[in-house]
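Enquirer: Provided herewith is a single structure, encoded as structure tokens, for subsequent inquiry.
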Amino acid sequence: MFPRFLPLVLTMSLPLFAADSPALPDPLLMQDGTRVTTREQWQQRRAPELRALFQHTMYGVPPAVPKVTGKLRREDAAAFGGKATLREVLVDVGTAEPVHLLIVIPNQRAKAAPVFLGMNFSGNYGLVSDPLVQMPTGYIISKYAGGPDNRAGESARGQQAETWAIEQTIDRGYAFASFFSGDVVSDQAELAQEQLRRLRPPELHADAADAPGAIAAWAWAFSRMVDHLVTVPELDAKRIAVVGHSRNGKTALLAAAMDERIALAIPSQAGCGGTAPSRMSAEMAEIQANGRPKAESVAVINKSFPHWFAGNFKPFGAEPEKLPFDQHALIALCAPRPVLVSAAVGDVWSNPPGQFAMLVAADPVYRLVAGDGVGATTMPETGKLLDSRLGYFIRPGEHSMTRADWKVWLDFADQWLR
């Protein structure tokens with residue numbers, strides 16, 4: 001899965017810039033002006049067209065889909081005090097080295113368990129205190145490294161156990177799986193460029209402006225992990241949820257939009273390039289004392305993280321209103337599957353009101369495809385979960401992922417996956 005729409009894009013002969021559209025483009029209006037009025041039209045015509053637009057214009061065309069195989073490295077049937085079985089699996093996705101996938105399955109379950117799949121910043125060893133979980137050998141951003149020269153070290157083992165709250169997840173009857181982004185593409189720009197060149201689809205030339213950025217490659221890797229998870233008999237292949245925080249939230253949403261095997265998506269504080277609009281409100285676009293806008297913009301994100309997006313996305317930093325879509329259309333591509341956008345009051349950089357506005361703008365598609373959507377026109381109170389199919393949650397605090405977040409996310413999953 002994670003389909004590639006390059007042939008469609010080429011036949012569409014899309015211009016790099018669409019006509020000026022300060023207002024949000026209508027997700028139910030085809031490029032040729034045809035209005036989508038049925039679920040079948042959406043699924044058969046408009047959704048493929050939008051996926052092609054996102055790949056060509058913003059994220060890049062993903063790598064080819066290889067034959068995926070998994071090799072068990074280690075199993076502990078008495079993890080978390082005997083409550084779960086922990087596995088480390090080497091997943092061959094056709095890259096130079098396999099991706100290390102951590103899977104934790106509750107031992108007490110009546111049937112196959114639903115599973116949360118997330119991508120981590122540090123390597124799986126940072127998520128659990130288990131001294132036998134393998135460390136990654138490549139580059140890790142300094143905040144999570146634990147060793148010198150941006151490499152793994154013992155001081156970071158289990159450092160994020162509270163952040164990921166795996167035991168809380170298995171206590172609620174869900175399995176958990178995670179992999180390290182650096183096993184696929186580094187989050188260091190120079191290293192990423194070489195790795196992305198190796199992942200570039202063979203039909204694209206070396207400097208193609210729609211070659212995949214890191215977010216496209218990471219989302220592609222989400223789907224490759226799904227390829228393995230659906231073969232695990234203890235897991236329910238129809239109840240796979242993806243979750244991610246910050247840049248990983250951008251990635252989780254893109255993966256869900258492109259891969260319909262994903263049953264539920266929870267992008268946390270994903271901001272610009274994820275759940276927040278490229279077309280910013282005047283308030284959020286206001287330049288602060290530090291010379292930056294109040295919320296992250298297309299121009300800022302492309303300058304700060306040039307490896308995340310396709311080359312075609314770069315010129316839109318100056319004129320985001322010329323994009324032929326906005327992020328509500330990416331959310332709409334998940335229909336009819338539930339999406340929970342998770343935010344924090346203090347994380348203004350991620351544009352919480354803009355994120356809610358994207359849910360409202362995706363609502364017409366959800367109502368056409370699923371019969372319901374947001375179920376609200378104003379943001380819910382802080383700390384209160386809006387548990388509609390297009391859900392929203394905003395809590396006090398800053399840009400972070402917490403045990404309290406996971407509790408709410410599990411509540412949302414109970415609503416839609418049980």
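Chain labels run A, B, ... following the order of the structure tokens; each chain numbers its residues from 1, and ligands are numbered from 1 in the order shown.
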Do a neighbour search on region 218-220 of chain A at 9 Å with only C-alpha atoms, toss out local chain neighbours closer than 3 positions, and write the hits as a PDB file with N, CA and C atoms, in the first residue's frame.
Expert:
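Once written, part-v5.pdb looks like this:
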```
ATOM      1  N   MET A   1       0.829  -1.191   0.000  1.00  0.00           N
ATOM      2  CA  MET A   1       0.000   0.000   0.000  1.00  0.00           C
ATOM      3  C   MET A   1       0.877   1.260   0.000  1.00  0.00           C
ATOM      4  N   PHE A   2       0.293   2.389   0.308  1.00  0.00           N
ATOM      5  CA  PHE A   2       0.869   3.719   0.089  1.00  0.00           C
ATOM      6  C   PHE A   2       1.054   3.879  -1.415  1.00  0.00           C
ATOM      7  N   PRO A  62       6.461   8.667  -3.503  1.00  0.00           N
ATOM      8  CA  PRO A  62       7.154   7.747  -2.591  1.00  0.00           C
ATOM      9  C   PRO A  62       7.921   6.668  -3.333  1.00  0.00           C
ATOM     10  N   PRO A  63       8.785   5.949  -2.616  1.00  0.00           N
ATOM     11  CA  PRO A  63       9.511   4.843  -3.241  1.00  0.00           C
ATOM     12  C   PRO A  63       8.575   3.752  -3.737  1.00  0.00           C
ATOM     13  N   VAL A  65       7.009   0.013  -3.942  1.00  0.00           N
ATOM     14  CA  VAL A  65       6.603  -0.896  -2.868  1.00  0.00           C
ATOM     15  C   VAL A  65       7.324  -2.230  -3.054  1.00  0.00           C
ATOM     16  N   MET A 119       6.073   6.073  15.023  1.00  0.00           N
ATOM     17  CA  MET A 119       7.480   6.218  14.670  1.00  0.00           C
ATOM     18  C   MET A 119       8.152   7.064  15.741  1.00  0.00           C
ATOM     19  N   SER A 181      12.698   6.481  13.031  1.00  0.00           N
ATOM     20  CA  SER A 181      12.731   7.181  11.747  1.00  0.00           C
ATOM     21  C   SER A 181      14.088   7.070  11.068  1.00  0.00           C
ATOM     22  N   VAL A 184      15.128   4.550   8.415  1.00  0.00           N
ATOM     23  CA  VAL A 184      14.632   4.749   7.048  1.00  0.00           C
ATOM     24  C   VAL A 184      15.363   5.924   6.406  1.00  0.00           C
ATOM     25  N   VAL A 185      15.204   7.098   7.000  1.00  0.00           N
ATOM     26  CA  VAL A 185      15.864   8.323   6.539  1.00  0.00           C
ATOM     27  C   VAL A 185      16.237   9.138   7.766  1.00  0.00           C
ATOM     28  N   GLY A 213      10.481  13.670  -0.253  1.00  0.00           N
ATOM     29  CA  GLY A 213      11.142  14.224   0.904  1.00  0.00           C
ATOM     30  C   GLY A 213      11.091  13.217   2.044  1.00  0.00           C
ATOM     31  N   ALA A 214      11.685  13.575   3.174  1.00  0.00           N
ATOM     32  CA  ALA A 214      11.770  12.647   4.297  1.00  0.00           C
ATOM     33  C   ALA A 214      10.391  12.250   4.816  1.00  0.00           C
ATOM     34  N   ILE A 215       9.442  13.188   4.853  1.00  0.00           N
ATOM     35  CA  ILE A 215       8.119  12.849   5.386  1.00  0.00           C
ATOM     36  C   ILE A 215       7.445  11.803   4.508  1.00  0.00           C
ATOM     37  N   SER A 223       3.697   2.370   6.105  1.00  0.00           N
ATOM     38  CA  SER A 223       2.966   1.354   5.349  1.00  0.00           C
ATOM     39  C   SER A 223       3.735   0.044   5.259  1.00  0.00           C
ATOM     40  N   ARG A 224       5.044   0.120   5.209  1.00  0.00           N
ATOM     41  CA  ARG A 224       5.835  -1.114   5.178  1.00  0.00           C
ATOM     42  C   ARG A 224       5.733  -1.842   6.526  1.00  0.00           C
ATOM     43  N   MET A 225       5.646  -1.094   7.626  1.00  0.00           N
ATOM     44  CA  MET A 225       5.441  -1.740   8.916  1.00  0.00           C
ATOM     45  C   MET A 225       4.033  -2.363   8.983  1.00  0.00           C
ATOM     46  N   ASN A 248       6.491  13.664  13.379  1.00  0.00           N
ATOM     47  CA  ASN A 248       5.968  12.304  13.250  1.00  0.00           C
ATOM     48  C   ASN A 248       4.449  12.307  13.135  1.00  0.00           C
ATOM     49  N   LYS A 250       2.858  14.708  11.395  1.00  0.00           N
ATOM     50  CA  LYS A 250       2.702  14.995   9.975  1.00  0.00           C
ATOM     51  C   LYS A 250       2.781  13.690   9.182  1.00  0.00           C
ATOM     52  N   THR A 251       3.763  12.876   9.573  1.00  0.00           N
ATOM     53  CA  THR A 251       4.011  11.619   8.873  1.00  0.00           C
ATOM     54  C   THR A 251       2.862  10.639   9.058  1.00  0.00           C
ATOM     55  N   ALA A 252       2.359  10.514  10.287  1.00  0.00           N
ATOM     56  CA  ALA A 252       1.268   9.575  10.549  1.00  0.00           C
ATOM     57  C   ALA A 252       0.023   9.953   9.764  1.00  0.00           C
ATOM     58  N   LEU A 253      -0.275  11.254   9.680  1.00  0.00           N
ATOM     59  CA  LEU A 253      -1.451  11.678   8.919  1.00  0.00           C
ATOM     60  C   LEU A 253      -1.273  11.379   7.434  1.00  0.00           C
ATOM     61  N   LEU A 254      -0.099  11.658   6.881  1.00  0.00           N
ATOM     62  CA  LEU A 254       0.144  11.354   5.473  1.00  0.00           C
ATOM     63  C   LEU A 254       0.013   9.856   5.212  1.00  0.00           C
ATOM     64  N   ALA A 255       0.549   9.040   6.114  1.00  0.00           N
ATOM     65  CA  ALA A 255       0.443   7.591   5.949  1.00  0.00           C
ATOM     66  C   ALA A 255      -1.014   7.148   5.915  1.00  0.00           C
ATOM     67  N   ALA A 256      -1.822   7.684   6.822  1.00  0.00           N
ATOM     68  CA  ALA A 256      -3.241   7.304   6.865  1.00  0.00           C
ATOM     69  C   ALA A 256      -3.980   7.787   5.622  1.00  0.00           C
ATOM     70  N   MET A 258      -2.836   8.031   2.683  1.00  0.00           N
ATOM     71  CA  MET A 258      -2.424   7.260   1.520  1.00  0.00           C
ATOM     72  C   MET A 258      -2.694   5.762   1.638  1.00  0.00           C
TER      73      MET A 258
END
```
Enquirer: Would you write out, as a tab-separated table, a table of all residues in region 99-214 of chain A that have an atom no more than 10 Å from an atom of region 296-318 of chain A, listing for each the closest atom pair and the distance in Å to one decimal, considering only C-alpha atoms and ordering rows by chain and rising residue number?
Expert:
```
residue	atom	partner	partner_atom	distance
A:Val185	CA	A:His307	CA	9.9
A:Ser186	CA	A:His307	CA	9.6
A:Asp187	CA	A:His307	CA	8.1
A:Gln188	CA	A:His307	CA	8.3
A:Ala189	CA	A:His307	CA	5.5
A:Glu190	CA	A:His307	CA	8.2
A:Leu191	CA	A:His307	CA	9.5
A:Ala192	CA	A:His307	CA	6.7
A:Gln193	CA	A:His307	CA	6.7
A:Leu196	CA	A:His307	CA	8.7
A:Asp207	CA	A:Gly311	CA	8.7
A:Ala208	CA	A:Gly311	CA	7.6
A:Ala209	CA	A:Gly311	CA	4.3
A:Asp210	CA	A:Ala310	CA	5.3
A:Ala211	CA	A:Ala310	CA	5.9
A:Pro212	CA	A:Ala310	CA	5.7
A:Gly213	CA	A:Phe309	CA	4.3
A:Ala214	CA	A:Trp308	CA	4.5
```
Enquirer: Per DSSP on the backbone, what are the strand (DSSP E) residues of region 14-189 of chain A, as an MDAnalysis selection string?
Expert: chainID A and resid 69:78 84:92 99:106 113:120 175:180
Enquirer: Counting only C-alpha atoms, what is within 8 Å of Arg74 (chain A), bar same-chain residues fewer than 2 positions away, as a list in words?
Expert: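 In the requested form, the answer reads Leu72, Asp76, Arg87, Glu88 and Val89 of chain A.
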Enquirer: Using DSSP on the backbone coordinates, identify the residues of region 213-292 of chain A assigned to helix (DSSP H, G or I); present them as a ChimeraX atom specification.
Expert: /A:214-229,247-258,282-285
Enquirer: Those selected residues, please, written with C-alpha atoms and delivered as a CSV table (one decimal), in the first residue's frame.
Expert:
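Result saved to out_10.csv:
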```csv
chain,number,residue,atom,x,y,z
A,214,ALA,CA,11.8,12.6,4.3
A,215,ILE,CA,8.1,12.8,5.4
A,216,ALA,CA,7.0,10.9,2.3
A,217,ALA,CA,9.7,8.3,2.9
A,218,TRP,CA,8.8,8.0,6.6
A,219,ALA,CA,5.1,7.6,5.7
A,220,TRP,CA,6.0,5.0,3.2
A,221,ALA,CA,7.8,3.2,6.0
A,222,PHE,CA,4.6,3.3,8.1
A,223,SER,CA,3.0,1.4,5.3
A,224,ARG,CA,5.8,-1.1,5.2
A,225,MET,CA,5.4,-1.7,8.9
A,226,VAL,CA,1.7,-2.3,8.3
A,227,ASP,CA,2.7,-4.8,5.6
A,228,HIS,CA,4.3,-6.8,8.5
A,229,LEU,CA,1.8,-6.2,11.2
A,247,ARG,CA,7.0,15.9,12.5
A,248,ASN,CA,6.0,12.3,13.3
A,249,GLY,CA,2.4,13.5,13.5
A,250,LYS,CA,2.7,15.0,10.0
A,251,THR,CA,4.0,11.6,8.9
A,252,ALA,CA,1.3,9.6,10.5
A,253,LEU,CA,-1.5,11.7,8.9
A,254,LEU,CA,0.1,11.4,5.5
A,255,ALA,CA,0.4,7.6,5.9
A,256,ALA,CA,-3.2,7.3,6.9
A,257,ALA,CA,-4.3,9.5,3.9
A,258,MET,CA,-2.4,7.3,1.5
A,282,ALA,CA,-3.7,37.2,9.8
A,283,GLU,CA,-3.3,36.6,13.6
A,284,MET,CA,-1.1,33.6,13.1
A,285,ALA,CA,0.9,35.2,10.3
```
